[in-house]
Amino acid sequence: MVEVGKPDSRLPAWASEPFSSFAGQVNDLGRVWSASSAGLKAVAEMRRLHSELAGYGSKIEPIVRRYADAIFRKDERGAGLNSAKVNLRKDFFILHAHAVLSLWGSLEVLIEDFIVAWLLHNPKTLENEAFKKVKITLAEYESLDREGRMRILVQELERAAVGKQGTNRFEQMLANLDLSGPVPESDRRAIIEMQNVRNAIVHSAGHADERLVKNCPWLNLEVRDPVKVSGSQYIRYQKAVCEYVLLLAARLTKRFDLEPKPGIGKLRSSLPL
């Protein structure tokens with residue numbers, strides 16, 4: 001039971017669930033990313049060891065051959081892993097690029113799910129002028145449940161924020177809930193960079209487009225340059241996104257007049273920072 005006059009440190013379940021889900025997704029992504037990185041290195045090393053130990057009449061040779069054959073044997077398409085196919089530098093760029101796509105997607109899902117949850121539990125927010133402008137056919141409206149209707153509203157907020165970069169996009173959406181605020185410059189810049197890198201990977205076949213060159217001049221890229229995401233670059237994006245999510249959670253605890261440290265500390269400990 002909460003003492004009278006003492007704010008509770010716990011967020012309502014509906015408000016905290018999107019943040020917990022995000023933390024789980026980012027941690028799962030981190031585990032897969034780390035395991036894949038280690039696996040690529042192990043495959044390359046196994047190939048080298050297999051070549052060096054081939055021909056030795058020792059007891060270790062059958063063991064090495066067994067594991068090497070399991071790794072390098074051909075699959076059903078006749079494609080096998082060999083030294084030509086395991087290009088650590090190239091393959092790491094591919095791995096990091098896919099990690100960026102997943103990280104950005106997780107952030108987008110968090111923002112959308114949280115705003116939907118907010119609208120469901122704070123219906124007075126729907127009196128905001130931004131929501132009154134939304135148009136939807138009666139047939140579509142009747143076919144949706146309450147959550148579906150809220151998602152239609154959030155999609156309208158997203159459309160209104162088209163063209164906004166990085167956190168500015170999310171801040172414009174959160175402003176309709178009176179939950180926007182300043183963002184540290186280092187995090188703001190890293191998330192803008194991540195968004196533009198993500199767009200180039202998805203829409204320009206992994207090559208720099210005009211938006212990336214214009215919005216992130218510090219990367220020193222020219223249009224059509226290949227976009228190569230390094231491990232340190234991905235870690236920087238991950239840290240900025242997690243710090244931004246913690247900032248949103250801190251705003252939320254303040255809005256609910258809760259003690260921020262216990263709740264935020266738990267979320268912070270669950271994020272890969």
# chains A, B, ... in the order shown; residues from 1 in each chain; ligands from 1

$ residues_around --residues "segment 112-123 of chain A" --least-positions-apart "4" --cutoff "8 Å" --atoms "only C-alpha atoms" --output "list in words"
Trp14, Ala15, Pro18, Glu108, Glu127, Arg146, Glu147, Met150, Arg151, Val154 and Leu174 of chain A

$ closest_residue --among "A:Asn168, A:Ser186, A:Asn196, A:Thr253" --to "Arg236 of chain A" --atoms "only C-alpha atoms"
A:Ser186

$ closest_atom_pairs --of "segment 140-253 of chain A" --to "segment 89-105 of chain A" --cutoff "7 Å" --atoms "only C-alpha atoms" --output "tab-separated table"
residue	atom	partner	partner_atom	distance
A:Arg198	CA	A:Leu101	CA	5.9
A:Lys228	CA	A:Phe93	CA	5.5
A:Val229	CA	A:Phe93	CA	5.3
A:Ser230	CA	A:Phe93	CA	6.2
A:Gly231	CA	A:His96	CA	6.4
A:Tyr234	CA	A:His96	CA	6.4

$ write_last_selection --atoms "C-alpha atoms" --output "PDB file, in the first residue's frame"
ATOM      1  CA  ARG A 198      18.254   2.944 -41.958  1.00  0.00           C
ATOM      2  CA  LYS A 228      28.935   0.519 -44.068  1.00  0.00           C
ATOM      3  CA  VAL A 229      27.712   0.288 -40.482  1.00  0.00           C
ATOM      4  CA  SER A 230      30.525  -0.536 -38.074  1.00  0.00           C
ATOM      5  CA  GLY A 231      30.145  -2.274 -34.743  1.00  0.00           C
ATOM      6  CA  TYR A 234      25.717   0.370 -34.035  1.00  0.00           C
TER       7      TYR A 234
END

$ closest_residue --among "A:Ala240, A:Leu246, A:Leu107, A:Leu271" --to "Arg189 of chain A" --atoms "only C-alpha atoms"
A:Ala240

$ closest_residue --among "A:Ile136, A:Leu177, A:Val227, A:Ala161" --to "Ala205 of chain A" --atoms "only C-alpha atoms"
A:Val227

$ residues_around --residues "Ser21 of chain A" --least-positions-apart "3" --cutoff "10 Å" --atoms "only C-alpha atoms" --output "list in words"
Ser16, Glu17, Pro18, Gly24, Gln25, Val26, Asn27, Ser106, Val109, Leu110 and Asp113 of chain A

$ write_last_selection --atoms "N, CA and C atoms" --output "mmCIF file, in the first residue's frame"
data_model
loop_
_atom_site.group_PDB
_atom_site.id
_atom_site.type_symbol
_atom_site.label_atom_id
_atom_site.label_comp_id
_atom_site.auth_asym_id
_atom_site.auth_seq_id
_atom_site.Cartn_x
_atom_site.Cartn_y
_atom_site.Cartn_z
ATOM 1 N N SER A 16 3.795 0.942 -18.454
ATOM 2 C CA SER A 16 5.135 0.361 -18.380
ATOM 3 C C SER A 16 5.354 -0.779 -19.369
ATOM 4 N N GLU A 17 4.248 -1.442 -19.791
ATOM 5 C CA GLU A 17 4.394 -2.620 -20.652
ATOM 6 C C GLU A 17 5.130 -2.327 -21.961
ATOM 7 N N PRO A 18 4.818 -1.224 -22.681
ATOM 8 C CA PRO A 18 5.565 -0.951 -23.919
ATOM 9 C C PRO A 18 7.066 -0.778 -23.685
ATOM 10 N N GLY A 24 12.995 -5.937 -23.719
ATOM 11 C CA GLY A 24 13.160 -7.334 -24.095
ATOM 12 C C GLY A 24 13.619 -7.488 -25.532
ATOM 13 N N GLN A 25 13.031 -6.698 -26.433
ATOM 14 C CA GLN A 25 13.407 -6.764 -27.846
ATOM 15 C C GLN A 25 14.858 -6.346 -28.053
ATOM 16 N N VAL A 26 15.258 -5.273 -27.393
ATOM 17 C CA VAL A 26 16.629 -4.771 -27.573
ATOM 18 C C VAL A 26 17.640 -5.757 -26.988
ATOM 19 N N ASN A 27 17.307 -6.373 -25.860
ATOM 20 C CA ASN A 27 18.208 -7.372 -25.291
ATOM 21 C C ASN A 27 18.301 -8.615 -26.169
ATOM 22 N N SER A 106 12.090 -1.331 -33.407
ATOM 23 C CA SER A 106 11.685 -1.470 -32.004
ATOM 24 C C SER A 106 11.328 -0.125 -31.392
ATOM 25 N N VAL A 109 7.898 0.943 -32.748
ATOM 26 C CA VAL A 109 6.828 0.154 -32.108
ATOM 27 C C VAL A 109 6.575 0.652 -30.694
ATOM 28 N N LEU A 110 7.643 0.946 -29.954
ATOM 29 C CA LEU A 110 7.478 1.459 -28.590
ATOM 30 C C LEU A 110 6.645 2.736 -28.591
ATOM 31 N N ASP A 113 2.942 1.940 -29.673
ATOM 32 C CA ASP A 113 2.206 1.182 -28.657
ATOM 33 C C ASP A 113 1.929 2.024 -27.416
#

$ closest_residue --among "A:Arg251, A:Lys132, A:His207, A:Lys239" --to "Asp187 of chain A" --atoms "only C-alpha atoms"
A:Lys239

$ atom_distance --atom1 "atom CA of Asn176 of chain A" --atom2 "atom CA of Val245 of chain A"
17.8 Å

$ select_by_dssp --residues "segment 79-136 of chain A" --states "helix (DSSP H, G or I)" --output "VMD selection string"
chain A and resid 88 to 121 123 to 127 129 to 132

$ residues_around --residues "Thr167 of chain A" --least-positions-apart "4" --cutoff "8 Å" --atoms "only C-alpha atoms" --output "PyMOL selection string"
chain A and resi 171+183+188+191-192

$ write_last_selection --atoms "C-alpha atoms" --output "CSV table (one decimal), in the first residue's frame"
chain,number,residue,atom,x,y,z
A,171,GLU,CA,8.5,14.6,-30.1
A,183,VAL,CA,16.6,15.8,-25.9
A,188,ARG,CA,19.3,13.6,-30.9
A,191,ILE,CA,19.1,9.0,-33.7
A,192,ILE,CA,18.9,11.3,-36.7

$ closest_residue --among "A:Pro272, A:Arg211, A:Leu153, A:Leu252" --to "Leu29 of chain A" --atoms "only C-alpha atoms"
A:Pro272

$ atom_distance --atom1 "atom CA of Leu247 of chain A" --atom2 "atom CA of Val202 of chain A"
27.9 Å

$ atom_distance --atom1 "atom CA of Arg149 of chain A" --atom2 "atom CA of Val162 of chain A"
20.5 Å
